[in-house]
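To keep things clear, I will list the structure first and then write my remarks on it.
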Amino acid sequence: MSELVDYSGPFNPRIQADDFTKDTVIKFLLEKCRLFVLMEGYYQDVIRRHMGDEAACDWACEVYQVDKFPRSLMQGVRKVFNIQGNDLESFMKAMQCAESNGLQWDPTSPHLFEWDVDLKSKNRAVFTVKKCPSLLYLEKEGKGYERLICGKLEVQGFQTYASAFNPNIKVKPLQIPPRKDRSGIACQWEYTLEDA
């Protein structure tokens, strides 16, 4: 097995991910995460242009209400990373692995999202998003769409992912946009695990 740092050499008709170095595969993974977020933004922009802000947000909420993707994502993350348990700590481990750039594997590359988790107890955690490229884009756009996205879609989305992991995990926004100070945190969420 070769350890390619890039693909500048000759064509290989049987190239595989494990032909590349770990660092190269990580860079590619981070780029795929960035492109996924970018594609979601393009999708939202097209719907907004054709149908308006409310319809775009409603359609996105409908997608998040279908819990197939969140459930599949959480099952996949549990399997790949062997995350055991159904408690809040296990969920936060899954979030670290599932979220775009959550693991922050490569300290030299710019992170899409910057966030951290304060696991206050086995039943309570605070999730703080310090940098959100989507929010930065919407703030720069200046049309106020972050009110819908952050105040409706993200509230539903954060809960949908938590419920897909464990229906007894509840999510409450502590701070969401619009922000008064654009240098402050993007948003903050409280996760609690209620007894079954």
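Residue numbers start at 1 in each chain; chains themselves are named A, B, ... in the order of the structure tokens; ligands are numbered from 1 in the order shown.
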DSSP helix (DSSP H, G or I) selection over chain A, as a PyMOL selection string: chain A and resi 17-19+22-51+53-65+68-81+88-98+133-141+146-165
Write out as a short mmCIF file (atom, residue, chain, number, x, y, z; two decimals) with C-alpha atoms, in the first residue's frame each polymer residue whose atoms come within 10 Å of Leu136 of chain A, counting only C-alpha atoms; drop sequence neighbours fewer than 6 positions from it.
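Result file is around15.cif:
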data_model
loop_
_atom_site.label_atom_id
_atom_site.label_comp_id
_atom_site.auth_asym_id
_atom_site.auth_seq_id
_atom_site.Cartn_x
_atom_site.Cartn_y
_atom_site.Cartn_z
CA GLY A 142 -28.62 41.43 5.82
CA GLU A 146 -31.41 34.04 10.32
CA ARG A 182 -21.52 39.79 15.70
CA ALA A 186 -23.50 32.21 17.27
#
Residue neighbourhood Leu4 of chain A, 10 Å, only C-alpha atoms, exclusion window fewer than 3 positions, as a ChimeraX atom specification: /A:1,7-9,17-25
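The closest residue to Arg78 of chain A, picked from A:Ile176, A:Ala56, A:Tyr42, A:Lys93 and counting only C-alpha atoms, is A:Lys93.
Closest approach to Cys150 of chain A among A:Pro167, A:Pro178, A:Pro70, A:Gly184 is made by A:Pro178 (distances from only C-alpha atoms).
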Counting only C-alpha atoms, the option among A:Val5, A:Trp189, A:Asn123, A:Tyr161 closest to Leu174 of chain A: A:Trp189
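Atom pair atom CA of Arg71 of chain A / atom CA of Ala164 of chain A has a distance of 4.9 Å (rounded to one decimal).
For the pair atom CA of Cys187 of chain A and atom CA of Asp116 of chain A, the interatomic distance is 11.2 Å.
One finds atom CA of Asp87 of chain A at 10.4 Å from atom CA of Asp195 of chain A.
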Residues within 6 Å of segment 124-135 of chain A, only C-alpha atoms, excluding chain neighbours under 5 positions, as a short mmCIF file (atom, residue, chain, number, x, y, z; two decimals) with C-alpha atoms, in the first residue's frame:
data_model
loop_
_atom_site.label_atom_id
_atom_site.label_comp_id
_atom_site.auth_asym_id
_atom_site.auth_seq_id
_atom_site.Cartn_x
_atom_site.Cartn_y
_atom_site.Cartn_z
CA PHE A 113 -18.04 25.38 12.70
CA GLU A 114 -16.39 26.02 16.01
CA TRP A 115 -18.24 24.76 19.05
CA ASP A 116 -17.74 23.11 22.37
CA VAL A 117 -19.72 21.16 24.90
CA ASP A 118 -19.80 21.69 28.65
CA LEU A 119 -21.07 18.44 30.15
CA ILE A 185 -21.19 33.39 20.06
CA ALA A 186 -23.50 32.21 17.27
CA CYS A 187 -25.89 30.27 19.51
CA GLN A 188 -26.12 28.21 22.69
CA TRP A 189 -28.29 25.21 23.56
CA GLU A 190 -29.13 23.31 26.72
CA TYR A 191 -29.54 19.54 26.50
CA THR A 192 -31.23 17.66 29.32
#
Close residues, Leu38 of chain A itself excluded, 12 Å, only C-alpha atoms, min 6 positions apart in chain, as a ChimeraX atom specification: /A:31-32,44-45,100,112,133-134,137
For the selection just defined, write its residues with C-alpha atoms to a file, as a JSON list (two decimals), in the first residue's frame.
[["chain", "number", "residue", "atom", "x", "y", "z"],
["A", 31, "GLU", "CA", -13.68, 19.52, 2.23],
["A", 32, "LYS", "CA", -16.71, 17.24, 1.77],
["A", 44, "GLN", "CA", -32.01, 27.41, 0.47],
["A", 45, "ASP", "CA", -31.12, 30.39, -1.73],
["A", 100, "SER", "CA", -19.41, 18.90, 10.23],
["A", 112, "LEU", "CA", -16.35, 25.15, 9.33],
["A", 133, "PRO", "CA", -20.51, 29.99, 8.55],
["A", 134, "SER", "CA", -24.22, 29.85, 7.72],
["A", 137, "TYR", "CA", -23.46, 34.42, 5.45]]
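For the residues A:Leu193, A:Met92, A:Ile149, A:Cys97, ranking by smallest atom-to-atom distance to Asn168 of chain A using only C-alpha atoms places A:Leu193 first.
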Residues of chain A in strand (DSSP E or B), written as a ChimeraX atom specification: /A:4,20,114-121,124-131,169-175,187-193
